[in-house]
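> My structure file upload33.csv, CSV, C-alpha atoms, is below:
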```csv
chain,number,residue,atom,x,y,z
A,216,MET,CA,-44.9,0.8,110.8
A,217,THR,CA,-44.3,0.1,107.1
A,218,ARG,CA,-42.0,2.1,105.0
A,219,SER,CA,-42.9,3.0,101.5
A,220,ARG,CA,-40.2,2.1,99.0
A,221,ARG,CA,-39.7,4.1,95.9
A,222,ASP,CA,-39.5,2.3,92.5
A,223,PRO,CA,-35.8,2.4,91.5
A,224,ASP,CA,-36.8,2.8,87.9
A,225,LEU,CA,-38.3,6.2,88.7
A,226,VAL,CA,-35.1,7.5,90.2
A,227,ARG,CA,-33.1,6.0,87.3
A,228,ALA,CA,-35.4,7.6,84.7
A,229,TYR,CA,-35.1,11.0,86.4
A,230,VAL,CA,-31.3,10.7,86.4
A,231,ARG,CA,-31.2,9.5,82.8
A,232,THR,CA,-33.0,12.6,81.5
A,233,GLY,CA,-30.9,15.1,83.6
A,234,GLY,CA,-34.0,15.8,85.7
A,235,ARG,CA,-36.2,16.8,82.8
A,236,LEU,CA,-39.8,15.5,82.7
A,237,ARG,CA,-40.8,16.5,79.2
A,238,PRO,CA,-39.3,16.4,75.7
A,239,THR,CA,-38.5,19.6,73.9
A,240,ARG,CA,-40.9,18.6,71.1
A,241,GLU,CA,-44.1,16.6,70.6
A,242,LEU,CA,-43.3,13.0,69.9
A,243,ASP,CA,-45.7,10.1,69.6
A,244,LEU,CA,-44.8,6.5,70.3
A,245,VAL,CA,-45.2,5.8,66.6
A,246,THR,CA,-42.9,8.7,65.5
A,247,LEU,CA,-40.2,7.3,63.3
A,248,VAL,CA,-36.6,8.4,63.5
A,249,ILE,CA,-33.4,7.6,61.6
A,250,ALA,CA,-29.8,8.3,62.5
A,251,LYS,CA,-28.2,11.2,60.5
A,252,ALA,CA,-24.9,11.5,62.3
A,253,ASP,CA,-22.6,9.6,64.7
A,254,PRO,CA,-23.0,10.3,68.4
A,255,THR,CA,-20.9,13.1,69.8
A,256,PRO,CA,-17.7,11.9,71.6
A,257,GLY,CA,-18.3,11.8,75.3
A,258,ALA,CA,-22.1,11.4,74.9
A,259,ALA,CA,-24.1,9.8,77.6
A,260,PRO,CA,-24.4,6.0,77.5
A,261,ASP,CA,-28.1,6.1,76.7
A,262,VAL,CA,-27.6,8.5,73.9
A,263,VAL,CA,-24.9,6.2,72.4
A,264,ARG,CA,-27.2,3.2,72.7
A,265,VAL,CA,-30.1,5.0,71.0
A,266,MET,CA,-27.8,6.2,68.2
A,267,ASN,CA,-26.2,2.8,67.7
A,268,LEU,CA,-29.6,1.1,67.5
A,269,CYS,CA,-30.9,3.6,65.0
A,270,SER,CA,-27.7,3.3,62.9
A,271,ARG,CA,-28.0,-0.5,62.8
A,272,ARG,CA,-31.8,-0.9,62.4
A,273,GLY,CA,-32.8,2.0,60.2
A,274,ALA,CA,-36.1,3.8,60.8
A,275,LEU,CA,-37.5,3.0,64.3
A,276,SER,CA,-40.4,4.3,66.2
A,277,VAL,CA,-40.0,5.7,69.7
A,278,ALA,CA,-41.8,2.6,71.0
A,279,GLU,CA,-39.4,0.3,69.3
A,280,ILE,CA,-36.4,2.1,70.7
A,281,ALA,CA,-37.9,1.9,74.2
A,282,ALA,CA,-38.5,-1.9,73.7
A,283,TYR,CA,-35.1,-2.7,72.3
A,284,LEU,CA,-33.3,-0.7,75.0
A,285,ASP,CA,-35.7,-1.7,77.9
A,286,LEU,CA,-36.2,2.0,78.8
A,287,PRO,CA,-39.4,3.8,79.7
A,288,PRO,CA,-41.0,5.4,76.7
A,289,SER,CA,-41.1,8.8,78.5
A,290,VAL,CA,-37.3,8.6,78.8
A,291,VAL,CA,-36.8,7.7,75.2
A,292,LYS,CA,-39.0,10.6,74.1
A,293,ILE,CA,-36.7,13.0,75.9
A,294,LEU,CA,-33.6,11.4,74.6
A,295,VAL,CA,-34.9,11.3,71.0
A,296,ALA,CA,-36.1,14.9,71.2
A,297,ASP,CA,-32.6,16.0,72.3
A,298,LEU,CA,-31.0,14.0,69.5
A,299,MET,CA,-33.4,15.6,67.0
A,300,ASP,CA,-32.6,19.0,68.4
A,301,SER,CA,-28.9,18.4,67.8
A,302,GLU,CA,-29.7,16.9,64.3
A,303,HIS,CA,-28.3,13.5,65.2
A,304,LEU,CA,-31.7,11.9,64.5
A,305,VAL,CA,-34.3,13.0,61.9
A,306,THR,CA,-37.7,11.9,60.9
A,307,PRO,CA,-38.0,10.4,57.4
A,308,THR,CA,-40.2,12.3,55.0
A,309,PRO,CA,-43.6,10.6,54.6
A,310,ALA,CA,-44.2,9.3,51.0
A,311,GLU,CA,-47.3,11.4,50.7
A,312,ASN,CA,-45.3,14.5,51.3
A,313,LEU,CA,-42.8,13.8,48.5
A,314,PRO,CA,-43.3,15.6,45.2
A,315,GLU,CA,-44.4,13.6,42.1
A,316,ILE,CA,-41.7,12.4,39.8
A,317,ALA,CA,-43.3,14.3,36.9
A,318,LEU,CA,-43.0,17.6,38.8
A,319,LEU,CA,-39.4,16.9,39.5
A,320,GLU,CA,-38.7,16.2,35.9
A,321,GLU,CA,-40.4,19.4,34.8
A,322,VAL,CA,-38.3,21.4,37.2
A,323,LEU,CA,-35.1,19.7,36.0
A,324,ASN,CA,-36.1,20.4,32.3
A,325,GLY,CA,-36.8,24.0,33.2
A,326,LEU,CA,-33.4,24.3,34.9
A,327,ARG,CA,-31.7,22.8,31.9
A,328,ALA,CA,-33.4,25.2,29.6
A,329,LEU,CA,-32.1,28.3,31.4
A,330,PRO,CA,-29.2,30.0,29.7
A,331,ALA,CA,-25.8,29.3,31.2
```
Go through the file and emit its structure as structure tokens.

Amino acid sequence: MTRSRRDPDLVRAYVRTGGRLRPTRELDLVTLVIAKADPTPGAAPDVVRVMNLCSRRGALSVAEIAAYLDLPPSVVKILVADLMDSEHLVTPTPAENLPEIALLEEVLNGLRALPA
């Protein structure tokens, strides 16, 4: 009779996410995040590791975080989503969504022209 053994990483991943299987938001492996705030005192070790990595390295994708920390991407997605929900991590604004400099200058000139 052979006994089936469970993969210890599956149990560990389940425990690392507090039993959750899905992130609170849609994240791709290429979603970029940057640190906006320091980790909350008493935060879980994995949360602190993610925050420290993002603070040191700048914008990182979910896949890069998973690779650097040797964690399953599914776990990292849940951790990153939680940190985004608490506003510790944010996604940088894509360059194509930034307004043109000329538009910003027009707005600034318009504001300066308003009576004080």
> Counting only C-alpha atoms, which of A:Ile249, A:Leu329, A:Val290, A:Ala282 gets nearest to A:Ser270?
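Closest to A:Ser270, using only C-alpha atoms: A:Ile249.
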> Quick one: residues within 12 Å of stretch 252-254 of chain A, all atoms listed in the file counted, chain neighbours fewer than 3 positions away excluded, as JSON, numbers by chain?
{"A": [249, 257, 258, 259, 260, 261, 262, 263, 264, 265, 266, 267, 268, 269, 270, 271, 297, 298, 299, 301, 302, 303, 304, 305]}
> Identify, on the basis of all atoms listed in the file, every residue whose closest approach to A:Val248 does not exceed 6 Å; exclude the query and any residue fewer than 5 positions from it along the same chain; express the result as a ChimeraX atom specification.
/A:274-275,305-306
> Which residue, A:Thr255, A:Arg272, A:Ile280, A:Lys292, has the smallest gap to A:Leu236 when you use only C-alpha atoms?
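Residue with the minimum atom-to-atom distance to A:Leu236: A:Lys292.
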> Under the rule that all atoms listed in the file are counted, which of A:Asn324, A:Leu242, A:Pro256, A:Ala317 is the nearest residue to A:Ser289?
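Smallest separation from A:Ser289 among the options: A:Leu242.
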> Around all the atoms of stretch 238-256 of chain A listed in the file, draw an axis-aligned box and extend it by 4 Å on each of the six sides; I want its centre and edge lengths in Å to one decimal, as lines of an AutoDock Vina configuration file.

```
center_x = -31.7
center_y = 12.7
center_z = 68.1
size_x = 36.0
size_y = 21.8
size_z = 23.2
```
> To one decimal place in Å, what is the distance between atom CA of A:Asp300 and atom CA of A:Thr246?
14.9 Å
> For a quick check of understanding, using all atoms listed in the file, which of A:Val277, A:Leu247, A:Leu326, A:Leu286 has the smallest distance to A:Thr308?
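Result for the nearest residue to A:Thr308: A:Leu247.
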> If I take atom CA of A:Tyr229 and atom CA of A:Gly273, how far is one from the other in Å, to one decimal?
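About the pair atom CA of A:Tyr229 and atom CA of A:Gly273: they are 27.8 Å apart.
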> Between atom CA of A:Lys251 and atom CA of A:Ser276, measure the distance and give it in Å to one decimal.
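Atom-to-atom, atom CA of A:Lys251 and atom CA of A:Ser276 are spaced 15.1 Å apart.
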